[in-house]
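Data block for run.cif (mmCIF, C-alpha atoms; chains and numbers go by the auth columns):
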```cif
data_final
#
loop_
_atom_site.group_PDB
_atom_site.id
_atom_site.type_symbol
_atom_site.label_atom_id
_atom_site.label_comp_id
_atom_site.label_asym_id
_atom_site.label_seq_id
_atom_site.Cartn_x
_atom_site.Cartn_y
_atom_site.Cartn_z
_atom_site.B_iso_or_equiv
_atom_site.auth_seq_id
_atom_site.auth_asym_id
ATOM 1 C CA MET A 1 -0.002 -11.282 2.071 0.00 907 A
ATOM 2 C CA SER A 2 1.641 -13.722 4.439 0.00 908 A
ATOM 3 C CA ASP A 3 2.971 -12.749 7.832 0.00 909 A
ATOM 4 C CA ALA A 4 6.584 -13.078 6.656 0.00 910 A
ATOM 5 C CA GLU A 5 5.909 -10.865 3.617 0.00 911 A
ATOM 6 C CA ARG A 6 4.250 -8.257 5.822 0.00 912 A
ATOM 7 C CA ARG A 7 7.230 -8.184 8.207 0.00 913 A
ATOM 8 C CA ALA A 8 9.631 -7.903 5.266 0.00 914 A
ATOM 9 C CA ALA A 9 7.602 -4.988 3.868 0.00 915 A
ATOM 10 C CA LEU A 10 7.669 -3.263 7.268 0.00 916 A
ATOM 11 C CA ARG A 11 11.451 -3.621 7.433 0.00 917 A
ATOM 12 C CA ARG A 12 11.899 -2.335 3.871 0.00 918 A
ATOM 13 C CA GLY A 13 9.777 0.689 4.695 0.00 919 A
ATOM 14 C CA LEU A 14 11.798 1.321 7.851 0.00 920 A
ATOM 15 C CA ARG A 15 15.101 1.117 5.956 0.00 921 A
ATOM 16 C CA LEU A 16 13.793 3.597 3.389 0.00 922 A
ATOM 17 C CA HIS A 17 12.569 5.965 6.113 0.00 923 A
ATOM 18 C CA LEU A 18 15.936 5.770 7.882 0.00 924 A
ATOM 19 C CA LEU A 19 17.855 6.342 4.651 0.00 925 A
ATOM 20 C CA VAL A 20 15.761 9.387 3.729 0.00 926 A
ATOM 21 C CA ALA A 21 16.137 10.806 7.236 0.00 927 A
ATOM 22 C CA LEU A 22 19.922 10.359 7.239 0.00 928 A
ATOM 23 C CA VAL A 23 20.492 11.747 3.742 0.00 929 A
ATOM 24 C CA SER A 24 18.192 14.701 4.392 0.00 930 A
ATOM 25 C CA THR A 25 19.861 15.467 7.709 0.00 931 A
ATOM 26 C CA MET A 26 23.313 15.335 6.133 0.00 932 A
ATOM 27 C CA ALA A 27 22.157 17.719 3.398 0.00 933 A
ATOM 28 C CA LEU A 28 20.713 20.072 6.015 0.00 934 A
ATOM 29 C CA ILE A 29 23.991 20.012 7.938 0.00 935 A
ATOM 30 C CA VAL A 30 25.827 21.124 4.809 0.00 936 A
ATOM 31 C CA VAL A 31 23.270 23.875 4.104 0.00 937 A
ATOM 32 C CA ASN A 32 23.427 24.988 7.745 0.00 938 A
ATOM 33 C CA PHE A 33 27.192 25.364 7.769 0.00 939 A
ATOM 34 C CA LEU A 34 27.175 27.164 4.434 0.00 940 A
ATOM 35 C CA THR A 35 24.501 29.664 5.476 0.00 941 A
ATOM 36 C CA THR A 36 24.562 30.120 9.271 0.00 942 A
ATOM 37 C CA PRO A 37 27.474 28.208 10.799 0.00 943 A
ATOM 38 C CA SER A 38 27.102 29.980 14.140 0.00 944 A
ATOM 39 C CA TYR A 39 23.731 28.335 14.907 0.00 945 A
ATOM 40 C CA PRO A 40 23.169 24.581 14.416 0.00 946 A
ATOM 41 C CA TRP A 41 19.484 24.697 13.430 0.00 947 A
ATOM 42 C CA TRP A 42 19.731 21.321 11.672 0.00 948 A
ATOM 43 C CA MET A 43 19.533 19.660 15.107 0.00 949 A
ATOM 44 C CA TRP A 44 15.921 20.815 15.523 0.00 950 A
ATOM 45 C CA VAL A 45 14.977 19.070 12.298 0.00 951 A
ATOM 46 C CA ALA A 46 16.815 15.912 13.367 0.00 952 A
ATOM 47 C CA VAL A 47 15.041 15.892 16.739 0.00 953 A
ATOM 48 C CA ALA A 48 11.654 16.496 15.099 0.00 954 A
ATOM 49 C CA TRP A 49 12.302 13.661 12.650 0.00 955 A
ATOM 50 C CA GLY A 50 13.332 11.364 15.493 0.00 956 A
ATOM 51 C CA ALA A 51 9.845 10.915 16.943 0.00 957 A
ATOM 52 C CA PRO A 52 8.182 9.605 13.758 0.00 958 A
ATOM 53 C CA LEU A 53 11.244 7.468 13.103 0.00 959 A
ATOM 54 C CA ALA A 54 11.044 5.987 16.610 0.00 960 A
ATOM 55 C CA ILE A 55 7.370 5.175 16.079 0.00 961 A
ATOM 56 C CA HIS A 56 8.228 3.540 12.748 0.00 962 A
ATOM 57 C CA VAL A 57 10.897 1.428 14.489 0.00 963 A
ATOM 58 C CA ALA A 58 8.356 0.362 17.115 0.00 964 A
ATOM 59 C CA ILE A 59 5.862 -0.617 14.413 0.00 965 A
ATOM 60 C CA ALA A 60 8.491 -2.543 12.439 0.00 966 A
ATOM 61 C CA MET A 61 9.535 -4.362 15.624 0.00 967 A
ATOM 62 C CA GLU A 62 5.838 -5.079 16.230 0.00 968 A
ATOM 63 C CA ILE A 63 5.922 -3.563 19.706 0.00 969 A
ATOM 64 C CA PHE A 64 2.331 -2.285 19.398 0.00 970 A
ATOM 65 C CA ARG A 65 1.007 -5.588 18.061 0.00 971 A
ATOM 66 C CA GLY A 66 -1.241 -7.427 20.464 0.00 972 A
ATOM 67 C CA ARG A 67 -0.381 -10.896 21.633 0.00 973 A
ATOM 68 C CA ASP A 68 -2.169 -13.646 19.735 0.00 974 A
#
```
Is it possible to express this structure as C-alpha cells?
Amino acid sequence: MSDAERRAALRRGLRLHLLVALVSTMALIVVNFLTTPSYPWWMWVAVAWGAPLAIHVAIAMEIFRGRD
C-alpha cells in the first residue's frame, strides 16, 4: 500500500468514525428527551466518545508519526 493510499484509508476511517459518533449522539439526544428530559445524560456519552475521536483525528493527521 502506497503512502497516499494509506493516508486516504486513514481519512476514510476518520470520516466513518465521525459519522457514527454524530448519528449515535443525535439518536441518544432523542432517546434522552423522550425518556428523561430533565437530565441531559447524552452529554456524558458525547464527552466519552470525544477522547477516542480526538485520538483518531491525531492519527489521521499523522501527529504521532515520527519525522523521516
Query raised in the report: Excluding same-chain residues fewer than 2 positions from range 953-964 of chain A, what lies within 8 Å of it counting only C-alpha atoms, as an MDAnalysis selection string?
Result: chainID A and resid 920 923:924 927 949:951 966:970
Query raised in the report: Please, what distance in Å, to one decimal, runs between CA of Ala933 in chain A and CA of Arg918 in chain A?
Result: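 Separation of CA of Ala933 in chain A and CA of Arg918 in chain A: 22.5 Å.
If you look at CA of Leu928 in chain A and CA of Ala952 in chain A, they are 8.8 Å away from each other.
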Query - For CA of Leu934 in chain A and CA of Trp947 in chain A, the interatomic separation in Å (one decimal) - result: 8.8 Å
Report task. For each of A:Ile965, A:Leu940, A:Val929, A:Ile935, take the minimum atom-to-atom distance to Leu916 in chain A, counting only C-alpha atoms, then give the residue where this is smallest. Result ->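 The closest residue to Leu916 in chain A is A:Ile965.
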Requested in this report: Find the residue from A:Trp948, A:Met907, A:Arg971, A:Ala915 that sits nearest to Thr931 in chain A; use only C-alpha atoms when measuring.
Outcome: A:Trp948
Adding 3 Å on each side of the box along x, y and z that holds all listed atoms of range 936-953 of chain A, could you give its centre and edge lengths in Å to one decimal, as AutoDock Vina command-line options?
```
--center_x 21.2 --center_y 23.0 --center_z 10.4 --size_x 18.5 --size_y 20.2 --size_z 18.6
```
